[in-house]
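Asks: Structure file upload29.txt (compact mmCIF, C-alpha atoms) is given on the next line.
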```txt
# COMPACT_ATOMS: atom_id res chain seq x y z
CA ALA A 1 87.32 -85.69 173.27
CA VAL A 2 86.41 -82.19 172.16
CA ALA A 3 88.93 -79.34 172.27
CA LEU A 4 87.35 -76.05 173.32
CA PRO A 5 89.39 -72.83 173.05
CA GLY A 6 90.07 -71.46 176.50
CA HIS A 7 88.90 -74.60 178.30
CA ALA A 8 91.31 -76.76 180.24
CA GLN A 9 91.49 -80.45 179.30
CA GLU A 10 92.17 -83.44 181.55
CA ALA A 11 95.82 -83.31 182.52
CA GLN A 12 98.14 -86.29 182.04
CA GLU A 13 101.15 -84.41 183.27
CA SER A 14 101.98 -81.02 184.75
CA ALA A 15 102.84 -78.00 182.65
CA PRO A 16 106.57 -77.20 182.41
CA GLU A 17 107.89 -75.26 185.38
CA ASP A 18 110.69 -73.52 183.45
CA LEU A 19 108.56 -71.46 181.03
CA PRO A 20 110.19 -68.33 179.58
CA GLU A 21 109.28 -65.03 181.22
CA GLY A 22 105.95 -63.72 179.94
CA VAL A 23 104.72 -67.14 178.78
CA ALA A 24 102.10 -69.20 180.58
CA PRO A 25 99.64 -72.02 179.90
CA ALA A 26 96.39 -70.59 178.53
CA SER A 27 94.27 -72.68 180.88
CA GLY A 28 95.90 -75.19 183.19
CA PRO A 29 98.25 -78.15 182.59
CA ARG A 30 98.91 -79.31 179.03
CA ALA A 31 97.01 -76.33 177.58
CA PRO A 32 98.63 -74.34 174.75
CA LEU A 33 101.28 -71.88 175.86
CA ARG A 34 100.13 -68.29 175.88
CA ARG A 35 102.15 -65.15 175.24
CA ARG A 36 100.81 -61.60 175.07
CA LEU A 37 101.38 -60.07 171.64
CA ASP A 38 101.08 -56.46 172.75
CA THR A 39 101.51 -54.27 175.80
CA SER A 40 97.96 -52.91 175.96
CA PRO A 41 96.57 -52.43 179.48
CA VAL A 42 93.38 -54.17 178.29
CA ALA A 43 92.79 -57.87 177.54
CA SER A 44 89.83 -60.12 176.81
CA VAL A 45 89.15 -63.23 178.89
CA LYS A 46 86.99 -65.99 177.47
CA LEU A 47 84.16 -66.91 179.82
CA ALA A 48 82.39 -69.62 177.81
CA SER A 49 81.97 -71.26 174.40
CA GLY A 50 78.86 -71.85 172.32
CA CYS A 51 75.22 -70.87 172.81
CA ASP A 52 71.99 -72.63 173.81
CA ARG A 53 69.70 -69.95 172.43
CA ARG A 54 68.13 -70.59 169.05
CA CYS A 55 67.64 -67.17 167.51
CA SER A 56 66.25 -67.68 164.02
CA PHE A 57 68.84 -65.41 162.37
CA CYS A 58 71.97 -66.82 164.03
CA ALA A 59 74.07 -69.81 162.98
CA ILE A 60 76.48 -69.77 165.94
CA PRO A 61 74.97 -72.80 167.73
CA SER A 62 75.32 -74.87 164.55
CA PHE A 63 79.10 -74.51 164.43
CA ARG A 64 80.08 -73.69 168.02
CA GLY A 65 77.72 -76.07 169.79
CA SER A 66 76.00 -75.80 173.13
CA PHE A 67 76.95 -73.33 175.84
CA ILE A 68 79.90 -74.55 177.94
CA SER A 69 81.24 -72.44 180.80
CA ARG A 70 84.91 -72.27 181.69
CA ARG A 71 85.68 -73.23 185.24
CA PRO A 72 85.89 -70.21 187.58
CA SER A 73 89.38 -71.29 188.64
CA ASP A 74 90.55 -71.14 185.01
CA VAL A 75 89.09 -67.67 184.52
CA LEU A 76 90.67 -66.46 187.76
CA GLY A 77 94.01 -68.04 186.90
CA GLU A 78 94.15 -66.38 183.51
CA THR A 79 93.16 -63.03 185.00
CA ARG A 80 95.92 -63.26 187.61
CA TRP A 81 98.45 -64.05 184.89
CA LEU A 82 97.27 -61.11 182.78
CA ALA A 83 97.58 -58.82 185.80
CA GLU A 84 101.18 -59.96 186.21
CA GLN A 85 101.76 -58.91 182.59
CA GLY A 86 100.54 -55.37 183.30
CA VAL A 87 96.88 -55.67 182.27
CA LYS A 88 94.59 -53.28 184.14
CA GLU A 89 91.23 -54.07 182.53
CA VAL A 90 89.82 -57.47 181.62
CA MET A 91 86.77 -57.85 179.41
CA LEU A 92 84.78 -61.07 179.80
CA VAL A 93 83.63 -62.39 176.43
CA SER A 94 81.38 -65.18 175.19
CA GLU A 95 78.25 -65.56 173.06
CA ASN A 96 76.05 -65.03 176.14
CA ASN A 97 77.61 -64.08 179.45
CA THR A 98 74.27 -64.09 181.30
CA SER A 99 74.18 -67.89 180.91
CA TYR A 100 77.52 -68.38 182.63
CA GLY A 101 77.44 -71.19 185.16
CA LYS A 102 74.12 -72.79 184.19
CA ASP A 103 75.89 -75.90 182.88
CA LEU A 104 77.95 -75.99 186.08
CA GLY A 105 74.81 -76.08 188.21
CA ASP A 106 74.79 -72.42 189.30
CA ILE A 107 73.14 -69.82 187.03
CA ARG A 108 74.26 -67.11 189.48
CA LEU A 109 77.92 -68.04 189.23
CA LEU A 110 78.77 -64.80 187.43
CA GLU A 111 77.54 -62.80 190.42
CA THR A 112 80.04 -64.55 192.67
CA LEU A 113 82.89 -64.61 190.13
CA LEU A 114 82.88 -60.87 189.37
CA PRO A 115 83.91 -59.71 192.87
CA GLU A 116 86.69 -62.32 192.88
CA LEU A 117 88.02 -61.04 189.56
CA ALA A 118 87.82 -57.45 190.78
CA ALA A 119 89.89 -58.43 193.83
CA VAL A 120 92.81 -59.73 191.74
CA GLU A 121 95.86 -57.65 192.57
CA GLY A 122 96.69 -55.24 189.75
CA ILE A 123 93.28 -55.38 188.06
CA GLU A 124 91.53 -52.01 188.07
CA ARG A 125 88.56 -52.80 185.86
CA VAL A 126 86.37 -55.79 185.06
CA ARG A 127 83.96 -55.41 182.13
CA VAL A 128 81.27 -57.86 180.98
CA SER A 129 80.23 -58.00 177.34
CA TYR A 130 77.18 -59.45 175.59
CA LEU A 131 74.26 -59.77 177.98
CA GLN A 132 70.85 -61.16 177.05
CA PRO A 133 68.01 -58.80 178.13
CA ALA A 134 65.67 -61.76 178.71
CA GLU A 135 68.17 -63.29 181.15
CA MET A 136 69.00 -60.18 183.16
CA ARG A 137 68.22 -60.76 186.84
CA PRO A 138 68.16 -58.35 189.80
CA GLY A 139 71.18 -59.92 191.48
CA LEU A 140 73.35 -59.55 188.37
CA ILE A 141 72.28 -55.92 187.91
CA ASP A 142 73.17 -55.27 191.56
CA VAL A 143 76.67 -56.74 191.16
CA LEU A 144 77.31 -54.88 187.90
CA THR A 145 76.25 -51.55 189.38
CA SER A 146 77.66 -51.74 192.92
CA THR A 147 80.87 -53.79 192.90
CA ASP A 148 84.09 -51.82 193.18
CA LYS A 149 86.18 -52.15 189.98
CA VAL A 150 83.35 -53.88 188.09
CA VAL A 151 82.25 -51.19 185.64
CA PRO A 152 78.51 -50.45 185.24
CA TYR A 153 78.52 -51.38 181.57
CA PHE A 154 75.65 -53.17 179.83
CA ASP A 155 76.18 -54.64 176.37
CA LEU A 156 72.55 -55.69 175.90
CA SER A 157 71.55 -57.70 172.85
CA PHE A 158 68.16 -56.11 172.05
CA GLN A 159 68.20 -56.74 168.24
CA HIS A 160 64.76 -55.10 167.83
CA SER A 161 61.89 -53.84 169.99
CA ALA A 162 58.73 -54.61 167.98
CA PRO A 163 57.10 -57.69 169.60
CA GLY A 164 56.17 -59.37 166.31
CA VAL A 165 59.70 -59.11 164.92
CA LEU A 166 61.23 -60.34 168.18
CA ARG A 167 58.96 -63.38 168.22
CA ALA A 168 59.93 -64.18 164.61
CA MET A 169 63.56 -63.90 165.75
CA ARG A 170 62.69 -66.34 168.58
CA ARG A 171 63.51 -63.69 171.14
CA PHE A 172 61.56 -62.02 173.94
CA GLY A 173 60.65 -58.53 175.05
CA ASP A 174 59.23 -55.32 173.65
CA THR A 175 59.82 -51.57 173.82
CA GLU A 176 58.25 -51.05 177.24
CA ARG A 177 60.02 -54.00 178.89
CA PHE A 178 63.36 -52.88 177.49
CA LEU A 179 62.82 -49.31 178.68
CA GLU A 180 61.90 -50.62 182.14
CA LEU A 181 65.14 -52.62 182.22
CA LEU A 182 67.15 -49.50 181.32
CA GLU A 183 65.29 -47.50 183.98
CA THR A 184 66.16 -50.16 186.59
CA ILE A 185 69.83 -50.05 185.63
CA ARG A 186 70.07 -46.24 185.64
CA ALA A 187 68.24 -45.98 188.96
CA LYS A 188 71.16 -47.90 190.47
CA ALA A 189 73.93 -46.37 188.31
CA PRO A 190 72.91 -43.11 186.58
CA LEU A 191 76.12 -42.95 184.54
CA ALA A 192 75.99 -46.60 183.42
CA GLY A 193 77.05 -47.26 179.85
CA VAL A 194 74.66 -49.13 177.55
CA ARG A 195 75.23 -50.33 174.01
CA SER A 196 73.28 -52.64 171.70
CA ASN A 197 72.96 -53.97 168.15
CA PHE A 198 69.85 -54.02 165.97
CA ILE A 199 68.75 -55.79 162.80
CA VAL A 200 66.50 -53.94 160.33
CA GLY A 201 64.62 -55.48 157.43
CA PHE A 202 64.00 -58.82 159.13
CA PRO A 203 61.49 -60.96 157.18
CA GLY A 204 57.98 -59.67 157.87
CA GLU A 205 59.13 -56.36 159.42
CA THR A 206 56.37 -53.84 158.69
CA GLU A 207 56.63 -50.07 158.54
CA ALA A 208 54.89 -49.97 161.92
CA ASP A 209 57.52 -52.38 163.35
CA PHE A 210 60.26 -50.14 162.03
CA GLN A 211 58.67 -47.07 163.60
CA GLU A 212 58.41 -48.95 166.91
CA LEU A 213 62.16 -49.57 166.79
CA GLU A 214 62.71 -45.87 166.13
CA ARG A 215 60.55 -45.05 169.16
CA PHE A 216 62.61 -47.31 171.36
CA LEU A 217 65.96 -45.94 170.21
CA THR A 218 64.80 -42.37 170.69
CA ALA A 219 63.75 -43.09 174.29
CA ALA A 220 66.58 -45.47 175.26
CA ARG A 221 69.51 -42.99 175.33
CA LEU A 222 72.08 -45.63 174.38
CA ASP A 223 75.79 -44.78 174.34
CA ALA A 224 76.61 -46.94 171.32
CA ILE A 225 74.36 -48.45 168.64
CA GLY A 226 75.22 -50.95 165.92
CA VAL A 227 72.73 -51.27 163.06
CA PHE A 228 72.78 -54.09 160.50
CA GLY A 229 70.59 -54.90 157.54
CA TYR A 230 69.12 -58.41 157.47
CA SER A 231 70.60 -60.94 155.06
CA ASP A 232 70.08 -64.69 154.84
CA GLU A 233 72.69 -66.76 156.66
CA GLU A 234 73.05 -70.38 155.68
CA GLY A 235 71.93 -72.83 158.33
CA THR A 236 69.46 -70.48 160.05
CA GLU A 237 65.71 -70.85 160.40
CA ALA A 238 65.10 -67.35 158.99
CA VAL A 239 66.36 -68.49 155.59
CA THR A 240 63.11 -70.45 155.23
CA TYR A 241 60.86 -67.52 156.18
CA GLU A 242 58.49 -65.96 153.71
CA ASN A 243 57.73 -62.22 153.49
CA LYS A 244 61.35 -61.30 152.74
CA LEU A 245 61.79 -57.56 152.21
CA ASP A 246 63.22 -56.14 149.00
CA ALA A 247 66.90 -55.29 149.17
CA GLU A 248 66.07 -51.65 148.38
CA VAL A 249 63.73 -51.41 151.36
CA ILE A 250 66.32 -52.94 153.69
CA ALA A 251 69.01 -50.56 152.43
CA GLU A 252 66.71 -47.57 152.90
CA ARG A 253 65.80 -48.54 156.45
CA LEU A 254 69.42 -49.30 157.29
CA ASP A 255 70.54 -45.89 156.07
CA HIS A 256 67.75 -44.10 157.93
CA LEU A 257 68.32 -45.89 161.24
CA SER A 258 72.10 -45.57 161.00
CA ARG A 259 71.79 -41.80 160.66
CA LEU A 260 69.36 -41.69 163.57
CA ALA A 261 71.70 -43.83 165.69
CA GLU A 262 74.62 -41.51 164.96
CA GLU A 263 72.55 -38.50 166.02
CA LEU A 264 71.23 -40.15 169.18
CA THR A 265 74.60 -41.41 170.40
CA ALA A 266 76.13 -37.98 169.82
CA GLN A 267 73.34 -36.48 171.92
CA ARG A 268 74.04 -39.04 174.65
CA ALA A 269 77.71 -38.07 174.66
CA GLU A 270 76.71 -34.39 174.97
CA GLU A 271 74.68 -35.30 178.05
CA ARG A 272 77.91 -36.41 179.71
CA VAL A 273 79.56 -32.98 179.40
CA GLY A 274 80.18 -31.75 182.94
CA ASP A 275 80.29 -35.27 184.41
CA THR A 276 83.28 -36.66 186.28
CA VAL A 277 84.51 -39.91 184.74
CA ARG A 278 87.20 -42.46 185.51
CA VAL A 279 89.43 -42.90 182.46
CA LEU A 280 91.88 -45.71 181.75
CA VAL A 281 94.78 -44.19 179.82
CA GLU A 282 95.57 -46.46 176.87
CA SER A 283 98.07 -44.57 174.74
CA VAL A 284 100.27 -41.51 174.85
CA ASP A 285 101.23 -40.37 171.38
CA GLY A 286 102.95 -37.26 170.08
CA GLU A 287 100.36 -36.71 167.35
CA ASP A 288 97.15 -37.99 168.94
CA GLY A 289 97.95 -36.91 172.48
CA VAL A 290 96.66 -38.90 175.46
CA ILE A 291 93.84 -41.30 174.62
CA GLY A 292 91.81 -43.47 176.97
CA ARG A 293 88.35 -44.83 177.73
CA ALA A 294 85.77 -44.05 180.37
CA GLU A 295 83.88 -46.81 182.17
CA HIS A 296 80.97 -46.62 179.72
CA GLN A 297 83.22 -47.26 176.71
CA ALA A 298 84.30 -50.76 175.70
CA PRO A 299 87.51 -51.30 173.69
CA GLU A 300 87.32 -50.53 169.96
CA THR A 301 83.52 -50.21 169.77
CA ASP A 302 82.17 -47.40 171.91
CA GLY A 303 84.32 -44.35 171.27
CA GLN A 304 87.21 -42.97 173.29
CA VAL A 305 88.37 -40.13 175.51
CA ARG A 306 90.93 -37.48 174.56
CA PHE A 307 92.72 -35.47 177.25
CA THR A 308 93.30 -31.76 176.81
CA GLU A 309 96.71 -32.16 178.46
CA GLY A 310 99.08 -35.04 179.02
CA ALA A 311 101.40 -34.15 181.89
CA GLY A 312 102.11 -37.15 184.12
CA LEU A 313 99.74 -39.49 182.26
CA THR A 314 100.98 -42.94 181.28
CA PRO A 315 99.28 -46.01 179.75
CA GLY A 316 97.54 -48.15 182.35
CA ARG A 317 96.83 -45.32 184.75
CA ILE A 318 93.27 -44.68 185.98
CA VAL A 319 92.51 -40.96 186.05
CA GLU A 320 89.62 -38.93 187.42
CA ALA A 321 88.63 -36.43 184.75
CA LYS A 322 85.94 -33.89 183.92
CA VAL A 323 84.16 -34.05 180.56
CA VAL A 324 84.49 -30.65 178.88
CA ALA A 325 83.26 -31.46 175.35
CA ALA A 326 81.93 -34.19 173.08
CA GLU A 327 83.00 -35.01 169.53
CA GLY A 328 80.39 -37.44 168.21
CA VAL A 329 80.56 -40.40 170.60
CA ASP A 330 84.05 -39.38 171.76
CA LEU A 331 84.65 -37.25 174.84
CA VAL A 332 87.18 -34.53 175.57
CA VAL A 333 88.29 -34.38 179.22
CA THR A 334 90.60 -32.54 181.52
CA SER A 335 92.36 -34.46 184.27
CA LEU A 336 91.35 -33.80 187.88
CA ASP A 337 94.30 -35.79 189.26
CA VAL A 338 97.38 -33.78 190.20
CA PRO A 339 100.44 -35.24 188.39
CA GLU A 340 103.02 -36.64 190.80
CA GLU A 341 105.63 -34.21 189.43
CA ALA A 342 103.41 -31.23 190.26
CA ALA A 343 102.65 -32.54 193.74
CA ARG A 344 106.29 -32.57 194.76
```
Rewrite the structure of this file - the entire thing - as structure tokens.

Replies:
Amino acid sequence: AVALPGHAQEAQESAPEDLPEGVAPASGPRAPLRRRLDTSPVASVKLASGCDRRCSFCAIPSFRGSFISRRPSDVLGETRWLAEQGVKEVMLVSENNTSYGKDLGDIRLLETLLPELAAVEGIERVRVSYLQPAEMRPGLIDVLTSTDKVVPYFDLSFQHSAPGVLRAMRRFGDTERFLELLETIRAKAPLAGVRSNFIVGFPGETEADFQELERFLTAARLDAIGVFGYSDEEGTEAVTYENKLDAEVIAERLDHLSRLAEELTAQRAEERVGDTVRVLVESVDGEDGVIGRAEHQAPETDGQVRFTEGAGLTPGRIVEAKVVAAEGVDLVVTSLDVPEEAAR
């Protein structure tokens, strides 16, 4: 038997019926008991374990194994329990959410699961992380851009855009295909959020490859960009590659692209000034004021929203707001909702 975090095991007996308030099995009978350790209105829900892709720079398959989906009933059950604990937004996480259901015989299972999660009483937002561009399909884009309470958020794992580098990474795509994918998404949801990560200095990356990546980033208008310099990771195919770049070259390219990414994401935030956004209030603090996140911002990675006023705003509330300024990737908004106290 193999124990997989978040996956229910065969049950020999039922879970206890007299659990303390706020405690529940993590995933079905005989699973570890679960208790929330904070009161945040946001929580992650594990969708799957492992990965079947064999990217030459990644060691995850070697220690997490093949991709194994959680049963939809387990994911729904955990989401319902989280809603009972006051959670308003769930974020689906795994190494590759676009593969969800393929081992269960239905590669389109995510498209049917998302509306069910969005219908859970108390849940106001469903967010999907880590999507593979090569596995994006029209039906999934439709669900992500048109389902009520499923936010139009695309955490796309591009990694690079020069064809030669992508092939060496054992990945697919190029600048034009990636830009076409972004165009398709924004045609359906103009305000969709898009983030991605990139590796610079991969073995064999030429100056022309690096410039191609710059061209893509400049045209892509991403909301959040993570940039990492290549380094050998034990157990990966890339360790054996020749044409390794000097550490100084990698550091120089990393610094250059990081500065470009900071400039581009700040420009993207500026583009949102004047837009109306739906903000989940996450904290109300005397010093920091009222802080939340718009639909295009994932927890802890993509910036935040600061309100110019805080009357009637409480954590967990969804608020319509107008963007009045940008501070880097962060937004400053004013609430368009009339506080209950003022309405009386």

Asks: Atom CA of Ser99 of chain A to atom CA of Val279 of chain A: how many Å, to one decimal?

Replies: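 Computed distance, atom CA of Ser99 of chain A to atom CA of Val279 of chain A, equals 29.3 Å.
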
Asks: Please report the interatomic distance between atom CA of Arg36 of chain A and atom CA of Gly286 of chain A in Å with one decimal.

Replies: 24.9 Å

Asks: Could you give me, as a PyMOL selection string, the residues within 9 Å of Ser157 of chain A, counting only C-alpha atoms and dropping anything in the same chain fewer than 3 positions from it?

Replies: chain A and resi 130-133+160+195-198

Asks: Find the distance between atom CA of Asp209 of chain A and atom CA of Glu248 of chain A and write it in Å to one decimal.

Replies: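 Those two atoms sit 17.3 Å apart.
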
Asks: Sort by chain and increasing residue number a table of all residues of segment 106-154 of chain A within 12 Å of segment 57-71 of chain A, each with its closest pair of atoms and their distance in Å to one decimal, counting all atoms listed in the file, and write it as a tab-separated table.

Replies:
```
residue	atom	partner	partner_atom	distance
A:Asp106	CA	A:Ser69	CA	10.7
A:Ile107	CA	A:Ser69	CA	10.5
A:Leu109	CA	A:Ser69	CA	10.1
A:Leu110	CA	A:Ser69	CA	10.4
A:Leu113	CA	A:Arg71	CA	10.3
```

Asks: Determine, counting all atoms listed in the file, which protein, DNA and RNA residues have an atom within 9 Å of an atom of Thr145 of chain A; residues of the same chain fewer than 2 positions away are not included. Present the result as a VMD selection string.

Replies: chain A and resid 140 to 143 147 to 148 150 to 153 185 to 186 188 to 189 192

Asks: Can you list, as a VMD selection string, every protein, DNA or RNA residue that comes within 7 Å of Leu280 of chain A when you count only C-alpha atoms, leaving out same-chain residues fewer than 4 positions away?

Replies: chain A and resid 292 to 294 316 to 319

Asks: Store the residues picked out above, limited to C-alpha atoms, as a PDB file, in the coordinates of the input.

Replies:
```
ATOM      1  CA  GLY A 292      91.810 -43.470 176.970  1.00  0.00           C
ATOM      2  CA  ARG A 293      88.350 -44.830 177.730  1.00  0.00           C
ATOM      3  CA  ALA A 294      85.770 -44.050 180.370  1.00  0.00           C
ATOM      4  CA  GLY A 316      97.540 -48.150 182.350  1.00  0.00           C
ATOM      5  CA  ARG A 317      96.830 -45.320 184.750  1.00  0.00           C
ATOM      6  CA  ILE A 318      93.270 -44.680 185.980  1.00  0.00           C
ATOM      7  CA  VAL A 319      92.510 -40.960 186.050  1.00  0.00           C
TER       8      VAL A 319
END
```

Asks: Identify which of the residues A:Val284, A:Ala266, A:Val200, A:Ala168 lies closest to Leu254 of chain A, counting all atoms listed in the file when measuring atom-to-atom distances.

Replies: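 Among A:Val284, A:Ala266, A:Val200, A:Ala168, it is A:Val200 that comes nearest to Leu254 of chain A.
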
Asks: If you count all atoms listed in the file, which residues fall within 7 Å of Ala83 of chain A, apart from same-chain ones fewer than 5 positions away, as a VMD selection string?

Replies: chain A and resid 88 122 to 123

Asks: Could you tell me which of A:Leu156, A:Gly289, A:Cys55, A:Leu82 comes closest to Asp38 of chain A if we count only C-alpha atoms?

Replies: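 Answer, going by the shortest atom-to-atom distance: A:Leu82.
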
Asks: Identify, on the basis of all atoms listed in the file, every residue whose closest approach to Phe210 of chain A does not exceed 12 Å; exclude the query and any residue fewer than 6 positions from it along the same chain; express the result as a VMD selection string.

Replies: chain A and resid 160 to 166 175 198 to 204 216 to 217 249 to 250 252 to 254 256 to 257

Asks: Find the residue from A:Glu180, A:Glu300, A:Glu233, A:Glu89 that sits nearest to Ala43 of chain A; use only C-alpha atoms when measuring.

Replies: A:Glu89

Asks: Could you tell me which of A:Val333, A:Val324, A:Val194, A:Leu114 comes closest to Gln297 of chain A if we count all atoms listed in the file?

Replies: A:Val194

Asks: Nearest residue to Gly328 of chain A out of A:Ala224, A:Val290, A:Leu182, A:Ala208, using all atoms listed in the file?

Replies: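 Using all atoms listed in the file, Gly328 of chain A sits closest to A:Ala224.
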
Asks: Output as lines of an AutoDock Vina configuration file the centre and edge lengths (Å, one decimal) of the box along x, y and z of the file that holds every listed atom of segment 135-143 of chain A after adding 6 Å on each side.

Replies:
```
center_x = 72.4
center_y = -59.3
center_z = 186.4
size_x = 20.5
size_y = 20.0
size_z = 22.4
```

Asks: Closest to Asn97 of chain A among A:Pro138, A:Arg80, A:Thr334, A:Asp52, using all atoms listed in the file?

Replies: A:Asp52
